[in-house]
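Chemist: Pasting start00.cif below, which is mmCIF, C-alpha atoms and all ligand atoms.
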data_structure
loop_
_atom_site.label_atom_id
_atom_site.label_comp_id
_atom_site.auth_asym_id
_atom_site.auth_seq_id
_atom_site.Cartn_x
_atom_site.Cartn_y
_atom_site.Cartn_z
CA MET A 931 22.94 -13.42 -4.41
CA GLU A 932 25.52 -11.25 -2.75
CA SER A 933 28.86 -12.27 -1.28
CA SER A 934 29.16 -15.43 0.77
CA ARG A 935 31.69 -17.53 2.59
CA PRO A 936 31.68 -21.21 3.56
CA VAL A 937 31.01 -22.38 7.11
CA ALA A 938 31.23 -25.88 8.50
CA ALA A 939 28.70 -28.50 7.39
CA SER A 940 28.15 -31.57 9.57
CA ASP A 941 26.74 -35.10 9.47
CA THR A 942 23.57 -36.48 7.91
CA TYR A 943 20.52 -37.97 9.61
CA PRO A 944 19.53 -41.62 9.11
CA THR A 945 15.70 -41.45 9.09
CA VAL A 946 15.45 -38.59 6.63
CA HIS A 947 18.16 -40.32 4.64
CA GLN A 948 16.06 -43.50 4.38
CA GLU A 949 13.02 -41.52 3.27
CA VAL A 950 15.02 -39.72 0.57
CA ALA A 951 16.46 -43.06 -0.65
CA ARG A 952 12.93 -44.51 -0.85
CA LEU A 953 11.70 -41.50 -2.85
CA ALA A 954 14.64 -41.66 -5.24
CA SER A 955 13.85 -45.30 -6.00
CA LEU A 956 10.15 -44.75 -6.86
CA PRO A 957 9.58 -45.49 -10.58
CA GLU A 958 7.79 -42.17 -11.14
CA VAL A 959 10.62 -40.23 -9.55
CA ARG A 960 13.15 -42.09 -11.69
CA ALA A 961 11.07 -41.29 -14.76
CA ALA A 962 11.09 -37.61 -13.73
CA PHE A 963 14.87 -37.76 -13.35
CA ASP A 964 15.14 -39.16 -16.88
CA ARG A 965 13.00 -36.32 -18.21
CA PHE A 966 15.45 -33.83 -16.70
CA ARG A 967 17.99 -35.27 -19.15
CA SER A 968 15.79 -35.72 -22.20
CA GLN A 969 14.14 -32.28 -21.93
CA GLU A 970 17.36 -30.28 -21.55
CA SER A 971 17.03 -28.51 -24.91
CA GLN A 972 13.59 -27.24 -23.85
CA PHE A 973 15.00 -25.90 -20.56
CA ALA A 974 17.76 -24.04 -22.42
CA LEU A 975 15.14 -22.52 -24.76
CA TRP A 976 13.04 -21.32 -21.83
CA GLN A 977 16.12 -19.92 -20.18
CA MET A 978 17.07 -17.90 -23.28
CA GLU A 979 13.49 -16.77 -23.91
CA ALA A 980 13.09 -15.56 -20.32
CA THR A 981 16.43 -13.75 -20.38
CA ARG A 982 15.57 -11.94 -23.63
CA VAL A 983 12.68 -10.17 -21.87
CA ALA A 984 14.18 -7.16 -20.07
CA ALA A 985 13.58 -7.19 -16.31
CA PRO A 986 15.37 -4.20 -14.76
CA PRO A 987 14.77 -3.35 -11.09
CA PHE A 988 11.16 -2.09 -10.75
CA GLY A 989 10.48 -3.07 -14.38
CA GLU A 990 9.84 -6.82 -14.24
CA GLY A 991 6.27 -6.71 -15.66
CA ALA A 992 6.98 -8.08 -19.14
CA ARG A 993 9.09 -10.96 -17.86
CA GLY A 994 6.44 -11.71 -15.24
CA ALA A 995 3.76 -11.88 -17.96
CA TRP A 996 5.98 -14.25 -19.96
CA LEU A 997 6.42 -16.48 -16.89
CA ALA A 998 2.68 -16.50 -16.10
CA GLU A 999 2.07 -17.79 -19.66
CA ARG A 1000 4.56 -20.64 -19.12
CA PHE A 1001 2.95 -21.49 -15.76
CA ARG A 1002 -0.43 -21.74 -17.53
CA ASP A 1003 1.05 -23.85 -20.37
CA LEU A 1004 2.46 -26.23 -17.77
CA GLY A 1005 -0.96 -26.69 -16.19
CA LEU A 1006 -0.30 -25.00 -12.85
CA ASN A 1007 -3.45 -23.90 -10.99
CA ASP A 1008 -4.50 -20.43 -9.91
CA VAL A 1009 -1.80 -18.68 -11.97
CA HIS A 1010 -1.80 -15.00 -11.05
CA VAL A 1011 0.36 -11.91 -10.62
CA ASP A 1012 0.14 -9.96 -7.35
CA GLU A 1013 0.17 -6.18 -6.75
CA VAL A 1014 3.98 -5.90 -6.87
CA GLY A 1015 4.52 -8.22 -9.85
CA ASN A 1016 5.25 -11.60 -8.22
CA VAL A 1017 3.98 -14.51 -10.36
CA PHE A 1018 2.34 -17.51 -8.68
CA GLY A 1019 1.30 -20.97 -9.86
CA ILE A 1020 0.10 -23.85 -7.70
CA ARG A 1021 0.38 -27.60 -7.89
CA PRO A 1022 -2.19 -28.92 -5.43
CA GLY A 1023 -1.61 -31.45 -2.68
CA TYR A 1024 -3.68 -32.67 0.23
CA GLY A 1025 -2.52 -30.43 3.05
CA ASN A 1026 -2.79 -26.67 3.31
CA ARG A 1027 0.83 -25.80 4.17
CA PHE A 1028 2.89 -25.16 1.07
CA VAL A 1029 6.39 -25.95 -0.05
CA ALA A 1030 7.47 -22.89 -2.07
CA LEU A 1031 9.92 -23.01 -4.97
CA SER A 1032 10.91 -19.51 -6.01
CA ALA A 1033 13.28 -17.76 -8.39
CA HIS A 1034 13.77 -14.02 -8.67
CA ILE A 1035 12.93 -12.68 -12.12
CA ASP A 1036 14.63 -9.27 -11.86
CA THR A 1037 18.13 -8.46 -13.11
CA VAL A 1038 20.66 -5.76 -12.22
CA PHE A 1039 20.66 -4.47 -15.81
CA PRO A 1040 18.99 -1.14 -16.71
CA ALA A 1041 16.17 -1.23 -19.26
CA ALA A 1042 18.36 -0.06 -22.18
CA THR A 1043 20.91 -2.89 -21.83
CA PRO A 1044 21.15 -4.86 -25.11
CA LEU A 1045 20.05 -8.42 -24.32
CA ASN A 1046 22.04 -10.36 -26.86
CA ILE A 1047 21.35 -13.88 -25.60
CA ARG A 1048 22.95 -16.68 -27.60
CA GLN A 1049 23.88 -20.33 -27.44
CA GLN A 1050 27.17 -21.99 -28.43
CA GLY A 1051 27.19 -25.71 -27.79
CA SER A 1052 26.26 -26.30 -24.16
CA ARG A 1053 26.90 -22.67 -23.23
CA LEU A 1054 24.44 -19.81 -23.07
CA TYR A 1055 25.73 -16.24 -23.07
CA GLY A 1056 24.26 -12.87 -22.17
CA PRO A 1057 23.33 -10.59 -19.28
CA GLY A 1058 21.15 -12.34 -16.69
CA VAL A 1059 21.42 -15.75 -18.35
CA SER A 1060 22.62 -17.40 -15.15
CA ASP A 1061 21.44 -14.93 -12.47
CA ASN A 1062 18.64 -15.65 -12.61
CA GLY A 1063 17.87 -17.31 -15.97
CA ALA A 1064 19.15 -20.54 -14.40
CA GLY A 1065 16.72 -20.19 -11.50
CA ILE A 1066 13.74 -19.47 -13.75
CA ALA A 1067 14.63 -22.43 -16.01
CA ALA A 1068 14.98 -24.73 -12.98
CA MET A 1069 11.57 -23.72 -11.66
CA LEU A 1070 9.96 -24.36 -15.06
CA ALA A 1071 11.81 -27.67 -15.43
CA VAL A 1072 10.54 -28.93 -12.08
CA ALA A 1073 6.96 -27.78 -12.80
CA SER A 1074 7.21 -29.41 -16.23
CA VAL A 1075 8.31 -32.89 -15.10
CA LEU A 1076 5.83 -32.85 -12.22
CA GLY A 1077 3.09 -32.06 -14.73
CA ARG A 1078 3.83 -35.30 -16.54
CA ALA A 1079 4.52 -37.50 -13.52
CA ARG A 1080 1.95 -39.39 -11.48
CA ILE A 1081 3.45 -38.33 -8.18
CA SER A 1082 0.94 -37.31 -5.53
CA HIS A 1083 2.66 -35.30 -2.84
CA ALA A 1084 1.02 -34.38 0.46
CA SER A 1085 1.86 -30.68 0.79
CA PRO A 1086 0.90 -28.51 -2.18
CA PHE A 1087 3.65 -26.69 -4.08
CA VAL A 1088 3.60 -23.00 -4.90
CA PHE A 1089 5.92 -21.80 -7.67
CA ILE A 1090 6.85 -18.13 -7.36
CA GLY A 1091 8.69 -15.92 -9.84
CA ASN A 1092 9.39 -12.98 -7.57
CA VAL A 1093 10.45 -9.41 -8.28
CA GLY A 1094 12.98 -7.17 -6.56
CA GLU A 1095 15.80 -9.38 -5.31
CA GLU A 1096 18.74 -7.40 -6.67
CA GLY A 1097 20.26 -4.18 -5.29
CA GLU A 1098 17.76 -1.46 -4.63
CA GLY A 1099 14.95 -3.97 -5.13
CA ASP A 1100 15.91 -4.80 -1.53
CA LEU A 1101 14.02 -8.15 -1.53
CA ARG A 1102 10.72 -6.32 -2.04
CA GLY A 1103 9.11 -9.26 -3.89
CA MET A 1104 9.79 -11.84 -1.20
CA ARG A 1105 9.00 -9.28 1.51
CA HIS A 1106 5.59 -8.83 -0.08
CA VAL A 1107 4.94 -12.58 -0.30
CA PHE A 1108 5.59 -12.95 3.43
CA ALA A 1109 3.50 -9.88 4.25
CA THR A 1110 0.48 -11.27 2.39
CA PRO A 1111 -2.10 -12.98 4.67
CA ARG A 1112 -2.68 -15.79 2.15
CA TRP A 1113 1.01 -16.80 2.16
CA ARG A 1114 2.51 -15.50 5.37
CA ASP A 1115 1.71 -18.56 7.48
CA ALA A 1116 0.86 -20.97 4.67
CA ILE A 1117 4.42 -21.45 3.39
CA ALA A 1118 6.08 -24.05 5.60
CA TYR A 1119 9.30 -24.37 3.60
CA SER A 1120 10.96 -22.08 1.04
CA VAL A 1121 13.42 -23.34 -1.54
CA VAL A 1122 14.93 -20.36 -3.35
CA VAL A 1123 16.75 -21.03 -6.61
CA ASP A 1124 19.32 -18.37 -7.40
CA GLY A 1125 21.94 -18.74 -10.14
CA ALA A 1126 23.80 -21.84 -11.27
CA GLY A 1127 25.45 -24.78 -9.51
CA ALA A 1128 24.61 -27.54 -7.05
CA ASP A 1129 27.53 -27.22 -4.66
CA THR A 1130 26.16 -24.80 -2.05
CA VAL A 1131 23.33 -24.44 0.44
CA VAL A 1132 22.69 -20.94 1.71
CA ALA A 1133 21.22 -21.53 5.15
CA GLU A 1134 22.40 -18.35 6.86
CA ALA A 1135 20.99 -15.01 5.84
CA LEU A 1136 23.58 -12.28 5.79
CA GLY A 1137 21.75 -9.14 6.87
CA SER A 1138 22.62 -5.69 5.63
CA ARG A 1139 21.42 -2.19 6.27
CA ARG A 1140 22.44 0.68 4.05
CA PHE A 1141 22.29 4.40 4.57
CA GLU A 1142 22.77 7.61 2.68
CA VAL A 1143 24.16 10.19 5.09
CA ILE A 1144 23.86 13.85 4.08
CA VAL A 1145 25.40 16.86 5.81
CA ARG A 1146 24.25 20.33 4.72
CA GLY A 1147 25.51 23.79 5.62
CA PRO A 1148 25.36 27.39 4.44
CA GLY A 1149 28.45 27.06 2.21
CA GLY A 1150 30.48 30.06 1.16
CA HIS A 1151 33.77 31.40 -0.16
CA SER A 1152 36.87 29.65 1.12
CA TRP A 1153 38.56 33.00 1.96
CA THR A 1154 35.83 35.50 2.83
CA ASP A 1155 33.56 33.02 4.63
CA PHE A 1156 36.29 31.13 6.45
CA GLY A 1157 34.94 29.79 9.72
CA THR A 1158 31.62 28.67 8.27
CA PRO A 1159 31.18 25.00 9.24
CA ASN A 1160 32.18 22.65 6.46
CA PRO A 1161 29.96 19.62 5.62
CA ILE A 1162 32.89 17.65 4.18
CA ILE A 1163 34.89 18.14 7.35
CA ALA A 1164 31.86 17.23 9.50
CA LEU A 1165 31.49 14.04 7.47
CA ALA A 1166 35.22 13.31 7.74
CA ARG A 1167 35.02 13.70 11.52
CA ALA A 1168 32.03 11.31 11.59
CA ILE A 1169 33.87 8.75 9.43
CA ASP A 1170 36.88 8.94 11.74
CA VAL A 1171 34.65 8.11 14.74
CA LEU A 1172 32.74 5.37 12.89
CA SER A 1173 35.95 3.75 11.70
CA GLN A 1174 36.96 3.09 15.31
CA THR A 1175 33.80 1.12 16.14
CA PRO A 1176 34.75 -2.35 17.38
CA VAL A 1177 33.01 -5.28 15.65
CA PRO A 1178 32.94 -8.95 16.70
CA ALA A 1179 34.60 -11.62 14.56
CA SER A 1180 31.67 -13.88 15.45
CA PRO A 1181 28.95 -13.26 14.51
CA LYS A 1182 30.88 -11.73 11.63
CA THR A 1183 29.98 -8.06 11.39
CA THR A 1184 31.31 -5.45 8.99
CA PHE A 1185 30.86 -1.82 8.01
CA ASN A 1186 31.92 0.11 4.94
CA VAL A 1187 31.85 3.68 3.68
CA GLY A 1188 31.51 2.93 -0.02
CA VAL A 1189 30.71 6.23 -1.72
CA ILE A 1190 31.49 9.80 -0.74
CA ARG A 1191 30.35 12.91 -2.58
CA GLY A 1192 30.26 16.62 -2.01
CA GLY A 1193 31.53 20.09 -2.80
CA THR A 1194 31.59 22.24 -5.91
CA SER A 1195 35.08 23.73 -6.24
CA VAL A 1196 38.40 23.94 -4.47
CA ASN A 1197 37.76 27.49 -3.27
CA SER A 1198 34.18 26.95 -2.02
CA ILE A 1199 33.03 25.85 1.39
CA PRO A 1200 30.63 23.10 0.32
CA GLU A 1201 26.89 23.33 0.85
CA SER A 1202 26.58 19.60 1.19
CA ALA A 1203 28.44 16.32 1.43
CA SER A 1204 27.14 12.78 1.53
CA MET A 1205 28.30 9.23 2.02
CA ARG A 1206 26.84 5.75 1.57
CA VAL A 1207 27.37 3.28 4.35
CA ASP A 1208 26.84 -0.49 4.32
CA LEU A 1209 26.46 -2.42 7.60
CA ARG A 1210 26.42 -6.23 7.55
CA SER A 1211 26.08 -9.09 9.99
CA THR A 1212 24.43 -12.47 10.42
CA SER A 1213 23.03 -11.02 13.66
CA THR A 1214 20.29 -8.39 13.62
CA ALA A 1215 21.37 -7.24 17.09
CA GLU A 1216 24.85 -6.43 15.75
CA ILE A 1217 23.39 -4.48 12.82
CA ASP A 1218 21.23 -2.53 15.29
CA ARG A 1219 24.32 -1.80 17.36
CA LEU A 1220 26.26 -0.61 14.29
CA GLU A 1221 23.36 1.62 13.27
CA ARG A 1222 23.44 3.28 16.69
CA ALA A 1223 27.22 3.69 16.33
CA LEU A 1224 26.74 5.35 12.94
CA ARG A 1225 24.15 7.79 14.31
CA LEU A 1226 26.36 8.68 17.29
CA ALA A 1227 29.41 9.11 15.03
CA LEU A 1228 27.44 11.51 12.86
CA GLU A 1229 26.18 13.52 15.83
CA GLU A 1230 29.71 13.74 17.13
CA GLY A 1231 31.17 14.74 13.74
CA VAL A 1232 28.56 17.46 13.24
CA ALA A 1233 28.85 18.76 16.81
CA SER A 1234 32.62 18.98 16.67
CA GLU A 1235 32.59 20.78 13.29
CA ASN A 1236 29.94 23.21 14.55
CA GLY A 1237 31.97 23.69 17.72
CA ALA A 1238 35.13 24.39 15.74
CA ALA A 1239 33.25 26.88 13.57
CA ALA A 1240 31.85 28.69 16.62
CA LEU A 1241 35.41 29.24 17.88
CA GLN A 1242 36.16 31.11 14.63
CA LYS A 1243 33.68 33.83 15.76
CA THR A 1244 31.77 34.25 12.52
CA ARG A 1245 29.36 37.20 12.15
CA LYS A 1246 26.33 35.08 12.96
CA PRO A 1247 26.23 31.53 14.29
CA GLN A 1248 26.05 29.09 11.40
CA VAL A 1249 25.74 25.34 11.63
CA VAL A 1250 25.76 22.20 9.53
CA GLN A 1251 22.91 19.73 9.88
CA SER A 1252 22.72 16.07 9.07
CA GLU A 1253 20.19 13.60 7.78
CA ILE A 1254 20.31 9.80 7.55
CA VAL A 1255 18.18 8.02 4.96
CA GLU A 1256 17.88 4.21 4.98
CA ILE A 1257 18.42 3.00 1.40
CA GLY A 1258 18.47 -0.75 2.01
CA ASN A 1259 17.47 -3.24 4.69
CA ARG A 1260 17.95 -6.98 4.33
CA PRO A 1261 17.14 -8.77 7.57
CA ALA A 1262 19.53 -11.38 9.01
CA GLY A 1263 18.60 -14.88 10.16
CA GLU A 1264 19.71 -18.47 10.04
CA LEU A 1265 18.32 -21.96 9.78
CA SER A 1266 18.62 -23.76 13.11
CA ALA A 1267 20.97 -26.76 13.10
CA ASP A 1268 18.05 -29.17 13.66
CA ALA A 1269 15.80 -27.67 10.97
CA ARG A 1270 14.05 -30.31 8.85
CA LEU A 1271 14.99 -28.52 5.65
CA LEU A 1272 18.69 -28.76 6.48
CA LYS A 1273 18.39 -32.48 7.22
CA VAL A 1274 16.52 -33.00 3.96
CA ILE A 1275 18.99 -31.17 1.70
CA ARG A 1276 21.92 -32.98 3.33
CA ALA A 1277 20.21 -36.35 2.84
CA VAL A 1278 19.41 -35.42 -0.78
CA ASP A 1279 23.04 -34.48 -1.40
CA ALA A 1280 24.20 -37.76 0.15
CA GLN A 1281 21.70 -39.68 -2.00
CA LEU A 1282 22.87 -37.95 -5.18
CA GLY A 1283 26.55 -38.24 -4.29
CA ASN A 1284 26.73 -34.45 -4.32
CA THR A 1285 29.10 -32.41 -2.17
CA ALA A 1286 27.79 -29.07 -1.00
CA GLN A 1287 28.93 -26.48 1.49
CA VAL A 1288 26.68 -24.53 3.80
CA GLN A 1289 27.13 -20.83 3.17
CA ARG A 1290 25.93 -17.50 4.35
CA ALA A 1291 24.77 -14.96 1.80
CA SER A 1292 22.14 -12.36 1.14
CA THR A 1293 19.30 -13.88 -0.92
CA ASP A 1294 15.51 -13.99 -1.06
CA ALA A 1295 15.77 -16.60 1.73
CA ASN A 1296 16.66 -13.75 4.12
CA ILE A 1297 12.99 -12.85 4.43
CA PRO A 1298 11.57 -16.23 5.56
CA LEU A 1299 14.72 -16.92 7.64
CA SER A 1300 14.35 -13.58 9.44
CA LEU A 1301 10.77 -14.58 10.31
CA GLY A 1302 11.99 -17.87 11.80
CA ARG A 1303 10.74 -19.96 8.84
CA GLU A 1304 12.69 -22.74 7.20
CA ALA A 1305 14.32 -21.58 3.97
CA ILE A 1306 17.40 -22.24 1.88
CA ALA A 1307 18.83 -20.85 -1.34
CA ILE A 1308 20.46 -23.23 -3.80
CA GLY A 1309 21.55 -23.15 -7.44
CA GLY A 1310 19.68 -24.33 -10.51
CA GLY A 1311 22.44 -26.76 -11.58
CA GLY A 1312 24.93 -26.46 -14.42
CA SER A 1313 27.63 -23.86 -13.97
CA GLY A 1314 27.85 -20.15 -14.55
CA GLY A 1315 30.00 -17.08 -14.26
CA GLY A 1316 30.25 -13.36 -14.88
CA ALA A 1317 27.12 -12.59 -12.86
CA HIS A 1318 26.10 -8.91 -13.03
CA THR A 1319 28.25 -8.33 -16.15
CA LEU A 1320 27.49 -8.31 -19.89
CA GLN A 1321 29.83 -11.33 -20.23
CA GLU A 1322 27.60 -13.55 -18.09
CA TRP A 1323 27.42 -17.22 -19.13
CA PHE A 1324 25.74 -20.48 -18.15
CA ASP A 1325 26.85 -24.00 -19.04
CA CYS A 1326 24.00 -26.53 -19.25
CA ASN A 1327 26.29 -29.49 -18.51
CA GLY A 1328 25.36 -30.85 -15.12
CA ARG A 1329 22.03 -29.02 -14.92
CA GLU A 1330 20.38 -32.39 -14.40
CA LEU A 1331 22.04 -32.86 -11.00
CA GLY A 1332 20.78 -29.49 -9.78
CA LEU A 1333 17.24 -30.30 -10.97
CA ARG A 1334 17.21 -33.73 -9.32
CA ARG A 1335 18.38 -32.10 -6.14
CA ILE A 1336 15.56 -29.54 -6.19
CA LEU A 1337 12.85 -32.10 -7.04
CA LEU A 1338 13.95 -34.62 -4.43
CA THR A 1339 14.14 -31.89 -1.78
CA MET A 1340 10.61 -30.71 -2.54
CA LEU A 1341 9.18 -34.22 -2.55
CA ALA A 1342 10.87 -35.09 0.74
CA LEU A 1343 9.61 -31.87 2.34
CA SER A 1344 6.11 -32.49 1.05
CA GLY A 1345 5.82 -36.20 1.79
CA VAL A 1346 4.99 -38.81 -0.84
CA GLY A 1347 3.12 -42.05 -0.07
CA GLU A 1348 3.95 -45.55 -1.29
ZN ZN B 1 20.33 -13.73 -8.19
#
Mind turning the file's structure into structure tokens?
Modeler:
Amino acid sequence: MESSRPVAASDTYPTVHQEVARLASLPEVRAAFDRFRSQESQFALWQMEATRVAAPPFGEGARGAWLAERFRDLGLNDVHVDEVGNVFGIRPGYGNRFVALSAHIDTVFPAATPLNIRQQGSRLYGPGVSDNGAGIAAMLAVASVLGRARISHASPFVFIGNVGEEGEGDLRGMRHVFATPRWRDAIAYSVVVDGAGADTVVAEALGSRRFEVIVRGPGGHSWTDFGTPNPIIALARAIDVLSQTPVPASPKTTFNVGVIRGGTSVNSIPESASMRVDLRSTSTAEIDRLERALRLALEEGVASENGAAALQKTRKPQVVQSEIVEIGNRPAGELSADARLLKVIRAVDAQLGNTAQVQRASTDANIPLSLGREAIAIGGGGSGGGAHTLQEWFDCNGRELGLRRILLTMLALSGVGE
């Protein structure tokens, strides 16, 4: 998950609340809750085992194979890996619209990162142990207790270990799931488990679009070729224009120039310069508007640098040219205030005495939300910290609450008879 900030949560809904209370009191559901406590050491083992298998961006195959084995061991049906590496397992129901429970299996860590995963008391340490070892463990824990319970739910469940959530993965795994005819319209609800905790509900998808902007020119000697248009100056002019673009406070919209590169030496007119730009909003229309502003700013920066160079009367007309390459695109979207999924998770939290804030963030839920489907991202319970660093940790205390929350949500979405 990427950065987030809390927004207001509101009241709960009586009928859904009654249904959740009924489910929580069923003997089989209570037995499943108990297993979440008694099986904790197994969940921690799975979490460490999963995290010890390297899963860098675009290199999730080995971890996917490990997960497919666990899905088979747990008795899920139709366990398979798709063309991009997403792992699927099904628990059948009566209907044909699925409730999906997914966890991304990729990490931010390059293949050579030492994966020293260890346990001290209730704490697990090592890169990826929480993000998303906690999500993978939660998915396995839920599949595991359901495998032993006699709970017949109406909608079938599909468990998905998906690739490509982090960074340049750009949500490619989830994107592929929702581009596949078999799943595109068959998934009615998506519950994404990302990281630790039980105190948030991501119901708003923060969209982002990222660009590499490159300006190229003939280059030359700073003294003898003076007057040749300068890519760094063209870029600087473009940044100056972009920086003056107004953005609304609501929907919150931001832009950033995060990386700038270019040039070879102090006495050379550079042959190229580049920058990386990040545009974000909860509104796709605002991101579109910012993209147009970026393109106009670049045209203006290049034109004014070329114009300035022309005034220097160089021997032959020389110009800089620009190129914009999209390097990331996470679509925006949000769950409508009357979405069933939002009512269910609020009722579940009320039932469990859990306090959670609705947040906006960039997660796998962006993809279904951008398509107008119901989706949320929540944590796998316990607590964690140091995500995306080698000092990452996860504390198993309180995992049980997160697991109960996930199970009850799925059962309420699916429908369970008397
Ligand atoms: Zn994550």
Chemist: Out of A:Leu1320, A:Leu1337, A:Leu1282, A:Ile1199, which residue has the shortest atom-to-atom distance to Pro1044 (chain A) when counting all atoms listed in the file?
Modeler: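 Residue with the minimum atom-to-atom distance to Pro1044 (chain A): A:Leu1320.
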Chemist: Could you please extract the residues within 8 Å of ligand ZN 1 (chain B), counting only C-alpha atoms and all ligand atoms, and hand them back as a list of chain:residue names?
Modeler: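 My answer, listing the contacting residues, is A:Met931, A:Glu932, A:His1034, A:Thr1037, A:Asp1061, A:Asn1062, A:Glu1095, A:Glu1096, A:Asp1124, A:Gly1125, A:Thr1293.
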Chemist: For CA of Ala1030 (chain A) and CA of Gly1315 (chain A), determine how far apart the two atoms are, in Å to one decimal place.
Modeler: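 Rounded to one decimal, the two atoms are 26.3 Å apart.
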Chemist: Report the closest atom pair, with its distance in Å rounded to one decimal, for each residue of region 1229-1336 of chain A that has an atom no farther than 8 Å from region 1208-1223 of chain A; count only C-alpha atoms, sort by chain and then rising residue number, and write it as CSV.
Modeler:
residue,atom,partner,partner_atom,distance
A:Pro1261,CA,A:Thr1214,CA,6.8
A:Ala1262,CA,A:Thr1212,CA,5.2
A:Gly1263,CA,A:Thr1212,CA,6.3
A:Glu1264,CA,A:Thr1212,CA,7.6
Chemist: Could you check which of A:Arg1206, A:His947, A:Arg1053, A:Arg1167 is closest to Val1187 (chain A), using all atoms listed in the file?
Modeler: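 Checking each candidate against Val1187 (chain A), we get A:Arg1206 as the closest.
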Chemist: Give the answer as one residue: which of A:Asn1092, A:Asn1327, A:Gln948, A:Ser1234 has the shortest atom-to-atom distance to Phe1018 (chain A), using all atoms listed in the file?
Modeler: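 So, comparing all the options, the nearest one is A:Asn1092.
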Chemist: Which residues come within 8 Å of region 1138-1145 of chain A, counting all atoms listed in the file, excluding same-chain residues fewer than 6 positions away, as a list of chain:residue names?
Modeler: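 The neighbour list is A:Pro1161, A:Ile1162, A:Ala1164, A:Leu1165, A:Ser1202, A:Ala1203, A:Ser1204, A:Met1205, A:Arg1206, A:Val1207, A:Asp1208, A:Leu1209, A:Arg1210, A:Ser1211, A:Ile1217, A:Val1250, A:Gln1251, A:Ser1252, A:Glu1253, A:Ile1254, A:Val1255, A:Glu1256, A:Ile1257, A:Gly1258, A:Asn1259, A:Arg1260, A:Pro1261, A:Ala1262.
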Chemist: One decimal, Å: what's the distance from CA of Gly1077 (chain A) over to CA of Gly1314 (chain A), could you say?
Modeler: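 Value for the CA of Gly1077 (chain A)-CA of Gly1314 (chain A) distance: 27.5 Å.
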Chemist: Which one of A:Ile1117, A:Leu1338, A:Phe1089, A:Pro1040 sits closest to Arg960 (chain A) if you count only C-alpha atoms?
Modeler: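 Of A:Ile1117, A:Leu1338, A:Phe1089, A:Pro1040, the one nearest Arg960 (chain A) is A:Leu1338, counting only C-alpha atoms.
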